[in-house]
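S.K.: Got a file for you: run16.txt, compact mmCIF, C-alpha atoms.
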```
# COMPACT_ATOMS: atom_id res chain seq x y z
CA MET A 1 0.00 0.00 0.00
CA LYS A 2 2.75 2.37 1.06
CA TRP A 3 4.68 1.43 -2.03
CA SER A 4 1.82 2.42 -4.32
CA VAL A 5 1.19 5.74 -2.51
CA ASP A 6 4.88 6.63 -2.81
CA ARG A 7 4.84 5.71 -6.44
CA LEU A 8 1.74 7.82 -7.08
CA TYR A 9 3.33 10.77 -5.29
CA ARG A 10 6.47 10.48 -7.36
CA ASN A 11 4.36 10.47 -10.53
CA ARG A 12 1.91 13.10 -9.41
CA LYS A 13 2.55 15.27 -12.45
CA ALA A 14 1.53 12.46 -14.76
CA LEU A 15 -1.38 11.76 -12.49
CA LEU A 16 -2.53 15.39 -12.62
CA ILE A 17 -2.27 15.42 -16.41
CA ALA A 18 -4.11 12.14 -16.70
CA SER A 19 -6.88 13.31 -14.35
CA GLY A 20 -7.11 16.62 -16.15
CA LEU A 21 -7.69 14.83 -19.43
CA LEU A 22 -9.85 12.00 -18.11
CA ILE A 23 -12.35 14.06 -16.11
CA PRO A 24 -13.33 16.37 -19.02
CA PHE A 25 -13.53 13.35 -21.30
CA LEU A 26 -15.93 11.66 -18.87
CA LEU A 27 -17.88 14.90 -18.52
CA SER A 28 -18.27 15.09 -22.28
CA LEU A 29 -19.80 11.61 -22.27
CA LEU A 30 -22.58 12.63 -19.88
CA LEU A 31 -26.10 13.24 -21.14
CA LEU A 32 -27.33 16.79 -21.58
CA PRO A 33 -29.47 16.94 -18.36
CA GLU A 34 -26.46 15.92 -16.24
CA LYS A 35 -24.21 18.35 -18.08
CA THR A 36 -26.77 21.11 -17.59
CA PHE A 37 -27.03 20.32 -13.90
CA ILE A 38 -23.24 20.54 -13.41
CA ALA A 39 -23.02 23.70 -15.50
CA ASN A 40 -25.87 25.28 -13.52
CA VAL A 41 -24.12 24.56 -10.23
CA LEU A 42 -20.90 26.13 -11.52
CA GLN A 43 -22.80 29.11 -12.93
CA ASP A 44 -24.68 29.66 -9.65
CA VAL A 45 -21.45 29.60 -7.66
CA PHE A 46 -19.11 31.58 -9.92
CA TYR A 47 -21.12 33.55 -12.45
CA SER A 48 -24.30 34.64 -10.68
CA PRO A 49 -22.63 37.48 -8.66
CA PHE A 50 -21.19 38.97 -11.85
CA TRP A 51 -24.41 38.54 -13.79
CA ALA A 52 -26.30 40.27 -10.98
CA LEU A 53 -23.74 43.08 -10.97
CA SER A 54 -23.83 43.30 -14.75
CA ASN A 55 -27.63 43.53 -14.67
CA ARG A 56 -27.44 46.32 -12.11
CA VAL A 57 -24.88 48.20 -14.21
CA THR A 58 -26.91 47.66 -17.37
CA SER A 59 -30.07 48.94 -15.69
CA LEU A 60 -28.14 51.95 -14.38
CA LEU A 61 -26.84 52.63 -17.88
CA ASP A 62 -30.40 52.33 -19.19
CA VAL A 63 -31.53 54.86 -16.61
CA TYR A 64 -28.65 57.14 -17.60
CA GLN A 65 -29.50 56.87 -21.29
CA GLN A 66 -33.16 57.52 -20.55
CA ASN A 67 -32.12 60.52 -18.49
CA VAL A 68 -30.07 61.89 -21.38
CA LYS A 69 -33.00 61.36 -23.75
CA LEU A 70 -35.45 62.98 -21.36
CA SER A 71 -33.12 65.93 -20.80
CA ALA A 72 -32.98 66.45 -24.55
CA GLU A 73 -36.77 66.17 -24.70
CA VAL A 74 -37.16 68.68 -21.86
CA THR A 75 -34.87 71.13 -23.67
CA ARG A 76 -36.84 70.65 -26.90
CA LEU A 77 -40.12 71.17 -25.07
CA GLN A 78 -38.77 74.28 -23.37
CA PHE A 79 -37.90 75.73 -26.77
CA GLU A 80 -41.31 74.67 -28.05
CA ARG A 81 -42.98 76.28 -25.03
CA ILE A 82 -41.07 79.52 -25.66
CA GLY A 83 -42.17 79.39 -29.31
CA LEU A 84 -45.78 78.73 -28.31
CA GLU A 85 -45.67 81.53 -25.75
CA ARG A 86 -44.34 83.87 -28.45
CA ASP A 87 -47.12 82.71 -30.78
CA ARG A 88 -49.71 83.25 -28.04
CA ILE A 89 -48.51 86.81 -27.41
CA GLU A 90 -48.48 87.47 -31.15
CA ASP A 91 -51.96 86.01 -31.44
CA GLU A 92 -53.21 88.22 -28.63
CA ARG A 93 -51.69 91.26 -30.28
CA PHE A 94 -53.31 90.47 -33.60
CA ARG A 95 -56.65 89.92 -31.85
CA SER A 96 -56.41 93.27 -30.09
CA MET A 97 -55.48 94.88 -33.41
CA ILE A 98 -58.49 93.35 -35.11
CA ASP A 99 -60.75 94.41 -32.22
CA ALA A 100 -59.43 97.99 -32.44
CA LEU A 101 -59.86 98.34 -36.19
CA PRO A 102 -62.86 99.18 -38.37
CA ARG A 103 -63.55 96.05 -40.33
CA GLU A 104 -66.31 96.69 -42.80
CA GLY A 105 -65.08 96.18 -46.34
CA PHE A 106 -61.57 95.17 -45.31
CA ARG A 107 -59.68 91.95 -44.88
CA PHE A 108 -56.84 91.83 -42.35
CA ILE A 109 -53.49 90.33 -43.33
CA PRO A 110 -51.18 89.76 -40.34
CA ALA A 111 -47.53 90.50 -41.06
CA ASP A 112 -44.23 90.49 -39.20
CA VAL A 113 -41.74 93.31 -39.29
CA VAL A 114 -38.62 91.65 -40.64
CA ALA A 115 -36.30 94.61 -41.23
CA TYR A 116 -35.85 98.31 -41.11
CA ASP A 117 -35.08 99.66 -44.54
CA PRO A 118 -31.36 100.31 -44.31
CA GLY A 119 -31.55 103.28 -46.69
CA ARG A 120 -34.36 105.00 -44.80
CA ARG A 121 -33.67 103.74 -41.34
CA TYR A 122 -36.26 105.77 -39.48
CA SER A 123 -39.01 106.07 -42.04
CA ALA A 124 -39.40 102.68 -43.72
CA ILE A 125 -39.70 99.06 -42.67
CA THR A 126 -39.95 95.73 -44.44
CA ILE A 127 -42.79 93.38 -43.55
CA LYS A 128 -43.55 89.80 -44.48
CA ALA A 129 -46.98 88.18 -44.55
CA ALA A 130 -48.37 84.72 -45.27
CA GLU A 131 -49.90 85.85 -48.56
CA ASP A 132 -49.11 88.23 -51.38
CA LEU A 133 -49.27 91.93 -50.53
CA ARG A 134 -50.21 94.91 -52.67
CA ARG A 135 -49.04 98.51 -52.93
CA PHE A 136 -50.75 101.44 -51.21
CA ARG A 137 -52.48 99.52 -48.44
CA ALA A 138 -52.89 100.81 -44.90
CA VAL A 139 -50.54 99.24 -42.37
CA VAL A 140 -51.67 99.48 -38.75
CA ASP A 141 -51.12 98.04 -35.31
CA GLU A 142 -53.39 98.02 -32.25
CA ASN A 143 -52.54 101.68 -31.50
CA GLY A 144 -53.17 103.16 -34.92
CA ILE A 145 -51.63 103.94 -38.31
CA VAL A 146 -48.08 102.71 -38.96
CA GLY A 147 -47.85 103.69 -42.63
CA LYS A 148 -48.65 102.34 -46.07
CA THR A 149 -47.12 99.73 -48.36
CA SER A 150 -45.04 101.54 -50.95
CA SER A 151 -43.58 98.61 -52.90
CA THR A 152 -44.15 94.87 -52.76
CA THR A 153 -42.45 91.67 -53.86
CA GLY A 154 -44.81 88.75 -53.36
CA ARG A 155 -45.35 88.33 -49.63
CA THR A 156 -42.83 91.01 -48.70
CA ALA A 157 -43.50 94.74 -48.74
CA ASN A 158 -41.73 97.97 -47.94
CA VAL A 159 -43.78 100.23 -45.71
CA SER A 160 -43.41 104.01 -45.76
CA MET A 161 -44.02 104.94 -42.18
CA LEU A 162 -46.05 107.84 -40.88
CA ILE A 163 -42.89 109.43 -39.48
CA GLY A 164 -41.38 109.80 -42.93
CA PRO A 165 -41.82 112.15 -45.88
CA ASN A 166 -43.56 109.59 -48.13
CA CYS A 167 -46.71 109.01 -46.09
CA HIS A 168 -49.48 111.62 -45.87
CA VAL A 169 -52.82 110.87 -44.24
CA ALA A 170 -56.07 112.71 -44.75
CA ALA A 171 -57.26 113.20 -41.16
CA ARG A 172 -59.74 114.95 -38.91
CA ASP A 173 -59.99 116.02 -35.32
CA LYS A 174 -62.11 113.35 -33.65
CA THR A 175 -63.78 115.94 -31.37
CA THR A 176 -64.42 118.88 -33.71
CA GLN A 177 -64.30 117.07 -37.07
CA SER A 178 -61.84 119.69 -38.42
CA LEU A 179 -60.16 118.33 -41.52
CA GLY A 180 -56.46 118.48 -42.42
CA ILE A 181 -53.48 116.48 -43.62
CA ILE A 182 -51.09 114.60 -41.40
CA LYS A 183 -47.54 114.84 -42.77
CA TRP A 184 -43.97 114.58 -41.60
CA GLN A 185 -41.89 117.72 -41.80
CA SER A 186 -38.15 117.62 -41.31
CA GLY A 187 -37.22 119.55 -38.22
CA ARG A 188 -40.80 119.89 -37.01
CA GLY A 189 -41.92 116.28 -36.80
CA LEU A 190 -45.47 115.07 -37.36
CA VAL A 191 -47.87 117.89 -38.05
CA PHE A 192 -51.61 118.25 -38.67
CA ASP A 193 -51.45 120.61 -41.62
CA ASP A 194 -53.93 122.55 -43.73
CA VAL A 195 -56.22 123.30 -40.76
CA ALA A 196 -57.82 126.71 -41.09
CA VAL A 197 -56.91 129.27 -38.45
CA GLU A 198 -60.56 129.57 -37.44
CA ALA A 199 -60.93 125.77 -36.91
CA GLU A 200 -61.59 124.70 -33.35
CA VAL A 201 -58.91 122.27 -32.22
CA ALA A 202 -57.34 121.81 -28.82
CA VAL A 203 -54.29 120.20 -27.33
CA GLY A 204 -55.09 116.62 -26.34
CA ASP A 205 -57.59 116.05 -29.18
CA THR A 206 -57.28 112.71 -30.96
CA ILE A 207 -56.62 112.82 -34.68
CA ILE A 208 -58.14 110.04 -36.79
CA SER A 209 -58.05 109.24 -40.49
CA SER A 210 -60.89 110.84 -42.47
CA GLY A 211 -61.13 108.14 -45.15
CA MET A 212 -60.43 110.59 -47.95
CA GLY A 213 -57.68 109.71 -50.36
CA GLY A 214 -58.55 106.01 -50.61
CA VAL A 215 -55.59 104.42 -48.86
CA PHE A 216 -56.54 104.73 -45.18
CA PRO A 217 -60.08 103.84 -44.13
CA GLU A 218 -61.97 106.23 -41.89
CA GLY A 219 -61.54 106.09 -38.13
CA LEU A 220 -57.94 104.88 -37.73
CA VAL A 221 -56.12 106.64 -34.91
CA VAL A 222 -53.18 108.77 -36.01
CA GLY A 223 -52.13 110.51 -32.81
CA THR A 224 -52.81 113.25 -30.32
CA ILE A 225 -52.40 117.03 -30.62
CA THR A 226 -49.50 118.20 -28.47
CA GLY A 227 -49.10 121.80 -29.53
CA ILE A 228 -50.99 124.49 -31.51
CA ALA A 229 -49.62 127.71 -32.93
CA THR A 230 -51.64 130.32 -34.83
CA PRO A 231 -49.42 132.79 -36.76
CA THR A 232 -51.09 136.14 -37.31
CA SER A 233 -50.43 136.37 -41.04
CA ALA A 234 -51.07 132.72 -41.98
CA PHE A 235 -54.08 130.87 -43.37
CA PHE A 236 -53.46 127.64 -41.44
CA LYS A 237 -52.71 126.66 -37.89
CA GLN A 238 -49.43 124.97 -37.06
CA ILE A 239 -50.45 121.86 -35.11
CA LYS A 240 -47.97 119.36 -33.73
CA VAL A 241 -49.09 115.74 -33.29
CA ALA A 242 -47.60 112.88 -31.26
CA PRO A 243 -48.10 109.60 -33.15
CA ALA A 244 -50.17 106.94 -31.41
CA VAL A 245 -47.87 104.16 -32.59
CA ASP A 246 -44.54 103.45 -30.89
CA PHE A 247 -42.33 103.23 -33.99
CA SER A 248 -39.29 102.12 -32.02
CA SER A 249 -40.77 98.73 -31.06
CA LEU A 250 -42.72 97.54 -34.07
CA ASP A 251 -43.04 93.77 -34.27
CA ASN A 252 -46.40 92.69 -35.66
CA VAL A 253 -48.63 94.75 -37.93
CA ILE A 254 -51.77 94.29 -39.98
CA VAL A 255 -52.18 95.17 -43.61
CA MET A 256 -55.74 96.27 -44.43
CA GLU A 257 -56.72 94.81 -47.77
CA PRO A 258 -59.98 96.18 -49.24
CA GLU A 259 -62.44 93.38 -50.06
CA GLU A 260 -63.34 93.16 -53.69
CA MET B 1 -2.81 25.41 2.38
CA ALA B 2 -5.58 27.87 3.26
CA ALA B 3 -3.75 30.62 1.39
CA ARG B 4 -3.48 28.38 -1.65
CA ILE B 5 -7.20 27.58 -1.54
CA ALA B 6 -7.97 31.30 -1.20
CA LYS B 7 -5.83 32.01 -4.26
CA PHE B 8 -7.68 29.32 -6.20
CA ILE B 9 -11.03 30.82 -5.21
CA VAL B 10 -9.87 34.28 -6.24
CA LEU B 11 -8.65 32.86 -9.55
CA ALA B 12 -12.00 31.16 -10.12
CA TYR B 13 -13.89 34.41 -9.64
CA LEU B 14 -11.34 36.25 -11.76
CA VAL B 15 -12.07 33.82 -14.58
CA ALA B 16 -15.82 34.30 -14.10
CA PHE B 17 -15.29 38.07 -14.11
CA SER B 18 -13.29 37.87 -17.34
CA GLN B 19 -16.09 35.92 -19.01
CA THR B 20 -18.87 38.27 -17.94
CA ILE B 21 -18.21 41.93 -17.10
CA LEU B 22 -14.72 42.22 -18.62
CA ALA B 23 -15.91 40.49 -21.79
CA ASN B 24 -18.87 42.89 -22.07
CA LEU B 25 -16.70 45.92 -21.46
CA THR B 26 -14.01 44.99 -23.98
CA ALA B 27 -16.22 43.64 -26.75
CA ILE B 28 -15.65 45.37 -30.09
CA GLN B 29 -18.40 44.73 -32.65
CA GLY B 30 -19.28 41.58 -30.72
CA ILE B 31 -15.70 40.27 -30.81
CA VAL B 32 -14.32 39.41 -27.37
CA PRO B 33 -10.74 38.37 -26.56
CA ASN B 34 -10.38 34.75 -25.51
CA TYR B 35 -9.60 35.56 -21.89
CA GLY B 36 -9.77 31.86 -21.00
CA ILE B 37 -6.77 31.02 -23.18
CA ILE B 38 -4.86 34.09 -21.97
CA ILE B 39 -5.35 33.18 -18.29
CA ILE B 40 -4.48 29.54 -18.91
CA LEU B 41 -1.27 30.49 -20.75
CA LEU B 42 -0.31 32.98 -18.05
CA ILE B 43 -0.70 30.27 -15.43
CA ALA B 44 1.15 27.70 -17.53
CA LEU B 45 4.09 30.04 -18.11
CA ARG B 46 4.38 31.42 -14.59
CA LYS B 47 3.52 28.64 -12.12
CA GLU B 48 4.92 25.24 -11.20
CA TYR B 49 3.04 22.17 -12.32
CA ASP B 50 1.51 21.28 -8.93
CA ILE B 51 -0.27 24.64 -8.94
CA ALA B 52 -0.50 25.22 -12.69
CA LEU B 53 -2.23 21.97 -13.69
CA PRO B 54 -5.08 22.08 -11.12
CA ALA B 55 -5.50 25.82 -11.73
CA ILE B 56 -5.68 25.33 -15.50
CA PHE B 57 -8.20 22.53 -15.05
CA MET B 58 -10.34 24.65 -12.75
CA CYS B 59 -10.27 27.64 -15.10
CA ALA B 60 -11.11 25.47 -18.11
CA LEU B 61 -14.03 23.86 -16.29
CA ILE B 62 -15.46 27.18 -15.07
CA ILE B 63 -15.31 28.67 -18.58
CA ASP B 64 -16.90 25.50 -19.96
CA ALA B 65 -19.88 25.91 -17.64
CA LEU B 66 -21.16 28.64 -19.96
CA THR B 67 -21.86 26.06 -22.70
CA PRO B 68 -23.52 23.11 -20.94
CA GLU B 69 -24.12 21.14 -24.17
CA LEU B 70 -20.35 21.00 -24.80
CA LEU B 71 -19.33 20.58 -21.17
CA GLY B 72 -16.09 18.62 -21.03
CA VAL B 73 -14.98 19.28 -24.60
CA GLY B 74 -13.85 22.85 -23.96
CA THR B 75 -12.22 21.79 -20.69
CA LEU B 76 -10.35 19.01 -22.46
CA ILE B 77 -9.07 21.29 -25.23
CA ARG B 78 -8.11 24.11 -22.86
CA PHE B 79 -6.43 21.75 -20.43
CA GLY B 80 -4.55 20.11 -23.30
CA ILE B 81 -3.35 23.49 -24.55
CA GLY B 82 -2.32 24.44 -21.02
CA VAL B 83 -0.31 21.25 -20.61
CA ILE B 84 1.38 21.72 -23.99
CA ALA B 85 2.23 25.34 -23.12
CA PHE B 86 3.62 24.16 -19.80
CA GLN B 87 5.80 21.58 -21.56
CA MET B 88 6.93 24.14 -24.16
CA ARG B 89 8.00 26.48 -21.44
CA ARG B 90 10.34 23.77 -20.23
CA SER B 91 11.67 22.71 -23.60
CA MET B 92 11.78 26.05 -25.47
CA ASN B 93 13.06 29.54 -24.77
CA ILE B 94 9.59 30.84 -24.10
CA GLU B 95 10.79 33.70 -21.90
CA GLN B 96 11.13 36.01 -24.90
CA LEU B 97 8.05 38.21 -25.35
CA PHE B 98 7.69 37.47 -29.06
CA SER B 99 7.85 33.74 -28.44
CA ARG B 100 4.94 34.24 -26.07
CA LEU B 101 3.13 36.23 -28.73
CA TYR B 102 3.42 33.29 -31.13
CA LEU B 103 2.36 30.97 -28.35
CA ILE B 104 -0.82 32.97 -27.63
CA ALA B 105 -1.68 33.16 -31.33
CA GLY B 106 -0.98 29.47 -31.86
CA ALA B 107 -2.91 28.41 -28.77
CA ASP B 108 -5.99 30.44 -29.72
CA LEU B 109 -5.77 29.23 -33.32
CA VAL B 110 -5.72 25.58 -32.25
CA TYR B 111 -8.38 26.09 -29.59
CA GLN B 112 -10.80 27.86 -31.97
CA LEU B 113 -10.28 25.27 -34.68
CA LEU B 114 -10.77 22.23 -32.45
CA TYR B 115 -13.68 23.73 -30.51
CA GLN B 116 -15.53 24.87 -33.63
CA LEU B 117 -14.99 21.51 -35.30
CA VAL B 118 -16.53 19.67 -32.33
CA ALA B 119 -19.28 22.26 -31.81
CA ASN B 120 -20.30 22.06 -35.48
CA LYS B 121 -19.99 18.27 -35.78
CA PHE B 122 -16.95 18.54 -38.08
CA ASP B 123 -18.90 20.40 -40.79
CA ILE B 124 -15.98 22.09 -42.54
CA SER B 125 -18.10 24.62 -44.45
CA ILE B 126 -19.74 26.01 -41.28
CA VAL B 127 -16.45 25.95 -39.39
CA GLY B 128 -14.73 27.78 -42.24
CA ARG B 129 -17.36 30.51 -42.24
CA ILE B 130 -17.32 30.91 -38.45
CA TYR B 131 -13.54 30.85 -38.46
CA TRP B 132 -13.39 33.63 -41.03
CA GLU B 133 -16.09 35.82 -39.46
CA VAL B 134 -15.50 35.33 -35.73
CA SER B 135 -12.47 33.24 -34.89
CA LEU B 136 -9.87 35.19 -36.86
CA PRO B 137 -10.87 38.61 -35.42
CA THR B 138 -10.97 36.96 -32.00
CA LEU B 139 -7.50 35.53 -32.65
CA VAL B 140 -6.10 38.97 -33.47
CA TYR B 141 -7.79 40.61 -30.49
CA THR B 142 -6.72 37.81 -28.13
CA THR B 143 -3.12 38.04 -29.32
CA VAL B 144 -2.99 41.78 -28.77
CA VAL B 145 -4.59 41.64 -25.32
CA GLY B 146 -2.53 38.60 -24.27
CA PHE B 147 0.70 40.19 -25.44
CA ALA B 148 -0.14 43.39 -23.54
CA ALA B 149 -0.96 41.42 -20.39
CA MET B 150 2.29 39.45 -20.57
CA PHE B 151 4.30 42.59 -21.30
CA LEU B 152 2.82 44.36 -18.28
CA LEU B 153 3.33 41.37 -16.00
CA ASP B 154 6.95 41.03 -17.19
CA LEU B 155 7.52 44.72 -16.60
CA GLU B 156 6.13 44.47 -13.10
CA TYR B 157 8.31 41.39 -12.46
CA LYS B 158 11.46 43.17 -13.69
CA LEU B 159 10.66 46.26 -11.63
CA GLU B 160 10.28 44.08 -8.57
CA ILE B 161 13.68 42.45 -9.20
CA THR B 162 15.34 45.85 -9.69
CA ARG B 163 13.70 47.14 -6.51
CA ARG B 164 15.02 44.18 -4.55
CA ARG B 165 18.54 44.63 -5.94
CA VAL B 166 18.58 48.34 -5.13
CA GLY B 167 17.07 47.67 -1.71
```
As structure tokens - that is how I would like this structure written.

M.R.:
Amino acid sequence: MKWSVDRLYRNRKALLIASGLLIPFLLSLLLLPEKTFIANVLQDVFYSPFWALSNRVTSLLDVYQQNVKLSAEVTRLQFERIGLERDRIEDERFRSMIDALPREGFRFIPADVVAYDPGRRYSAITIKAAEDLRRFRAVVDENGIVGKTSSTTGRTANVSMLIGPNCHVAARDKTTQSLGIIKWQSGRGLVFDDVAVEAEVAVGDTIISSGMGGVFPEGLVVGTITGIATPTSAFFKQIKVAPAVDFSSLDNVIVMEPEE
Amino acid sequence: MAARIAKFIVLAYLVAFSQTILANLTAIQGIVPNYGIIIILLIALRKEYDIALPAIFMCALIIDALTPELLGVGTLIRFGIGVIAFQMRRSMNIEQLFSRLYLIAGADLVYQLLYQLVANKFDISIVGRIYWEVSLPTLVYTTVVGFAAMFLLDLEYKLEITRRRVG
């Protein structure tokens, strides 16, 4: 017995090699259920902790990826919300413009101010609408007359503003009905001209369009009288008018298109 | 004895780690290095037979547990390769890094060929296709990773020797 143990110990390398080859060979001869059982035991002992960890990491990565996606979605929705808010404000402005305007015989075309005319910085703007525009149409906002379209290219138009030399408006004093012409004079500003010296007008009176001349319909607000001078040797009063429209912050306007 | 058993247990879990998380992390287009062969060769080239042979057997068996239908076959092939590498280390100048590179490439080549032949019931056409599409990229990847691992381990070993001499 001792002899055989000693001999085995001396040849333990060969024994290890032989066992290492024999055991797998015997394993390979087993039927699939037995193989599966042995494999399952080994997997439960050695692999299950790493699979569990891997699942945790994978789920964390999924959460991270979802978070990235949702962050992108939130950013997109924020931009969309800003756009919708801008549209809502614009919509409200257009509604208030429509409410403030006479509407019989006219169709309203909403338009955006897209540029100030670089050549006539303070007296002309460029607007763009969703449909074709025509020349010599009244351009207004919720406060009153902005100007008139002077040239058009499809849906884009140049507007000669009230505070420039190319836009005259036939107007009247809303209180006394005195007629005159609103025009821009260099050095003097917006004036209510051609009003007879005997006409009754007062500072603070509202000037509206009279409807004469064909471009501007009757009743559009032009501005308010801020100063009146009556020279002794003149036929007409010198009346200064403050425009109702704030020309420094124009954004949305309406073009009044006569219905055919 | 207890320390040796602890080392074996650590090695077993290292092998399981290499087949799961490490394999997932290092997969490129679905191609994973054959960490089993790398670990077996590292053991065969660095340990004495009374540790190397049981360790190689254990590693081979644990890796084989992932394919129950071929249980035993993979162990047999891997153990055989480990034993041959162990014998080559004795009979050849396997200490040179490039010799080890050839050894890794050769071992993976033989392993893939034998394993695929058995797995596909010696159908040469299927084996040829799998070998071209999967085994050859795996061979390249395994060789690169194995060579890097051996290079780093050698570097660490040489640094340790230098440190001892200086100390």

S.K.: Using all atoms listed in the file for the distances, tell me which of A:Glu260, A:Asp44, A:Asp112, A:Asp6 is nearest to chain B.

M.R.: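 Of all the options, A:Asp44 lies closest to chain B.
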
S.K.: With a cut-off of 7 Å, could you pull out the residues of chain A touching chain B and give me the nearest pair of atoms for each, distance in Å to one decimal, using all atoms listed in the file, ordered by chain and ascending number, as a Markdown table?

M.R.:
```
| residue | atom | partner | partner_atom | distance |
| --- | --- | --- | --- | --- |
| A:Lys13 | CA | B:Tyr49 | CA | 6.9 |
| A:Leu16 | CA | B:Leu53 | CA | 6.7 |
| A:Gly20 | CA | B:Phe57 | CA | 6.1 |
| A:Leu21 | CA | B:Leu76 | CA | 5.8 |
| A:Pro24 | CA | B:Gly72 | CA | 4.1 |
| A:Phe25 | CA | B:Gly72 | CA | 5.9 |
| A:Leu27 | CA | B:Gly72 | CA | 4.8 |
| A:Ser28 | CA | B:Gly72 | CA | 4.3 |
| A:Leu32 | CA | B:Glu69 | CA | 6.0 |
| A:Lys35 | CA | B:Pro68 | CA | 5.6 |
| A:Thr36 | CA | B:Pro68 | CA | 5.1 |
| A:Ala39 | CA | B:Ala65 | CA | 4.4 |
| A:Leu42 | CA | B:Ala65 | CA | 6.2 |
| A:Gln43 | CA | B:Ala65 | CA | 6.4 |
| A:Phe46 | CA | B:Tyr13 | CA | 5.9 |
| A:Tyr47 | CA | B:Ala16 | CA | 5.6 |
| A:Phe50 | CA | B:Phe17 | CA | 6.4 |
| A:Trp51 | CA | B:Thr20 | CA | 6.9 |
| A:Ser54 | CA | B:Ile21 | CA | 6.2 |
```

S.K.: So how far away is atom CA of A:Gly105 from atom CA of A:Asn252, in Å?

M.R.: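 Here the two named atoms are 21.8 Å from each other.
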
S.K.: Would you work out the distance separating atom CA of A:Val203 from atom CA of A:Ile225, expressed in Å to one decimal?

M.R.: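 So the two atoms, atom CA of A:Val203 and atom CA of A:Ile225, lie 4.9 Å apart.
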
S.K.: Between atom CA of A:Ile145 and atom CA of A:Val222, what is the distance in Å, rounded to a tenth?

M.R.: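 Pair atom CA of A:Ile145 / atom CA of A:Val222 returns 5.6 Å.
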
S.K.: Counting all atoms listed in the file, what is within 9 Å of A:Ser209, bar same-chain residues fewer than 5 positions away, as a PDB file with C-alpha atoms, in the frame of the given file?

M.R.:
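Output file part-v4.pdb follows:
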```
ATOM      1  CA  ILE A 145     -51.630 103.940 -38.310  1.00  0.00           C
ATOM      2  CA  VAL A 169     -52.820 110.870 -44.240  1.00  0.00           C
ATOM      3  CA  ALA A 170     -56.070 112.710 -44.750  1.00  0.00           C
ATOM      4  CA  ALA A 171     -57.260 113.200 -41.160  1.00  0.00           C
ATOM      5  CA  ARG A 172     -59.740 114.950 -38.910  1.00  0.00           C
ATOM      6  CA  ASP A 173     -59.990 116.020 -35.320  1.00  0.00           C
ATOM      7  CA  LYS A 174     -62.110 113.350 -33.650  1.00  0.00           C
ATOM      8  CA  ILE A 182     -51.090 114.600 -41.400  1.00  0.00           C
ATOM      9  CA  PHE A 216     -56.540 104.730 -45.180  1.00  0.00           C
ATOM     10  CA  PRO A 217     -60.080 103.840 -44.130  1.00  0.00           C
ATOM     11  CA  GLU A 218     -61.970 106.230 -41.890  1.00  0.00           C
ATOM     12  CA  GLY A 219     -61.540 106.090 -38.130  1.00  0.00           C
ATOM     13  CA  LEU A 220     -57.940 104.880 -37.730  1.00  0.00           C
ATOM     14  CA  VAL A 221     -56.120 106.640 -34.910  1.00  0.00           C
ATOM     15  CA  VAL A 222     -53.180 108.770 -36.010  1.00  0.00           C
TER      16      VAL A 222
END
```

S.K.: Mind listing as a PDB file with C-alpha atoms, in the coordinates of the input all residues within 7 Å of (-0.7, 28.7, -24.4), counting only C-alpha atoms?

M.R.:
```
ATOM      1  CA  ILE B  37      -6.770  31.020 -23.180  1.00  0.00           C
ATOM      2  CA  ILE B  40      -4.480  29.540 -18.910  1.00  0.00           C
ATOM      3  CA  LEU B  41      -1.270  30.490 -20.750  1.00  0.00           C
ATOM      4  CA  ILE B  81      -3.350  23.490 -24.550  1.00  0.00           C
ATOM      5  CA  GLY B  82      -2.320  24.440 -21.020  1.00  0.00           C
ATOM      6  CA  ALA B  85       2.230  25.340 -23.120  1.00  0.00           C
ATOM      7  CA  LEU B 103       2.360  30.970 -28.350  1.00  0.00           C
ATOM      8  CA  ILE B 104      -0.820  32.970 -27.630  1.00  0.00           C
ATOM      9  CA  ALA B 107      -2.910  28.410 -28.770  1.00  0.00           C
TER      10      ALA B 107
END
```

S.K.: Give me the residues within 7 Å of A:Asp193 as a PyMOL selection string, counting only C-alpha atoms and dropping any in the same chain fewer than 5 places off.

M.R.: chain A and resi 180-182+238-239

S.K.: Tell me, as a list in words, which residues lie within 12 Å of A:Pro231, counting all atoms listed in the file; anything in the same chain fewer than 4 positions away does not count.

M.R.: Ala196, Val197, Glu198, Phe235, Phe236, Lys237, Gln238 and Ile239 of chain A

S.K.: With only C-alpha atoms as the counted atoms, please give the residues lying no more than 9 Å from stretch 88-101 of chain A, apart from itself and same-chain residues fewer than 5 positions off, as a tab-separated table (two decimals) with C-alpha atoms, keeping the file's coordinate frame.

M.R.:
```tsv
chain	number	residue	atom	x	y	z
A	83	GLY	CA	-42.17	79.39	-29.31
A	108	PHE	CA	-56.84	91.83	-42.35
A	110	PRO	CA	-51.18	89.76	-40.34
A	140	VAL	CA	-51.67	99.48	-38.75
A	141	ASP	CA	-51.12	98.04	-35.31
A	142	GLU	CA	-53.39	98.02	-32.25
A	143	ASN	CA	-52.54	101.68	-31.50
A	144	GLY	CA	-53.17	103.16	-34.92
A	219	GLY	CA	-61.54	106.09	-38.13
A	220	LEU	CA	-57.94	104.88	-37.73
A	251	ASP	CA	-43.04	93.77	-34.27
A	252	ASN	CA	-46.40	92.69	-35.66
A	253	VAL	CA	-48.63	94.75	-37.93
A	254	ILE	CA	-51.77	94.29	-39.98
```

S.K.: Need the shell around A:Thr226: protein/DNA/RNA residues with any atom at most 8 Å away, counting all atoms listed in the file. Skip same-chain ones fewer than 2 positions apart. Format as a list in words?

M.R.: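 Once the adjacent positions are removed, what remains is Val203, Gly204, Thr224, Ile228, Ile239, Lys240, Val241 and Ala242 of chain A.
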
S.K.: Go through A:Cys167, A:Leu179, A:Arg107, A:Leu70 and flag the residue nearest A:Gly211, using all atoms listed in the file for the distances.

M.R.: A:Leu179
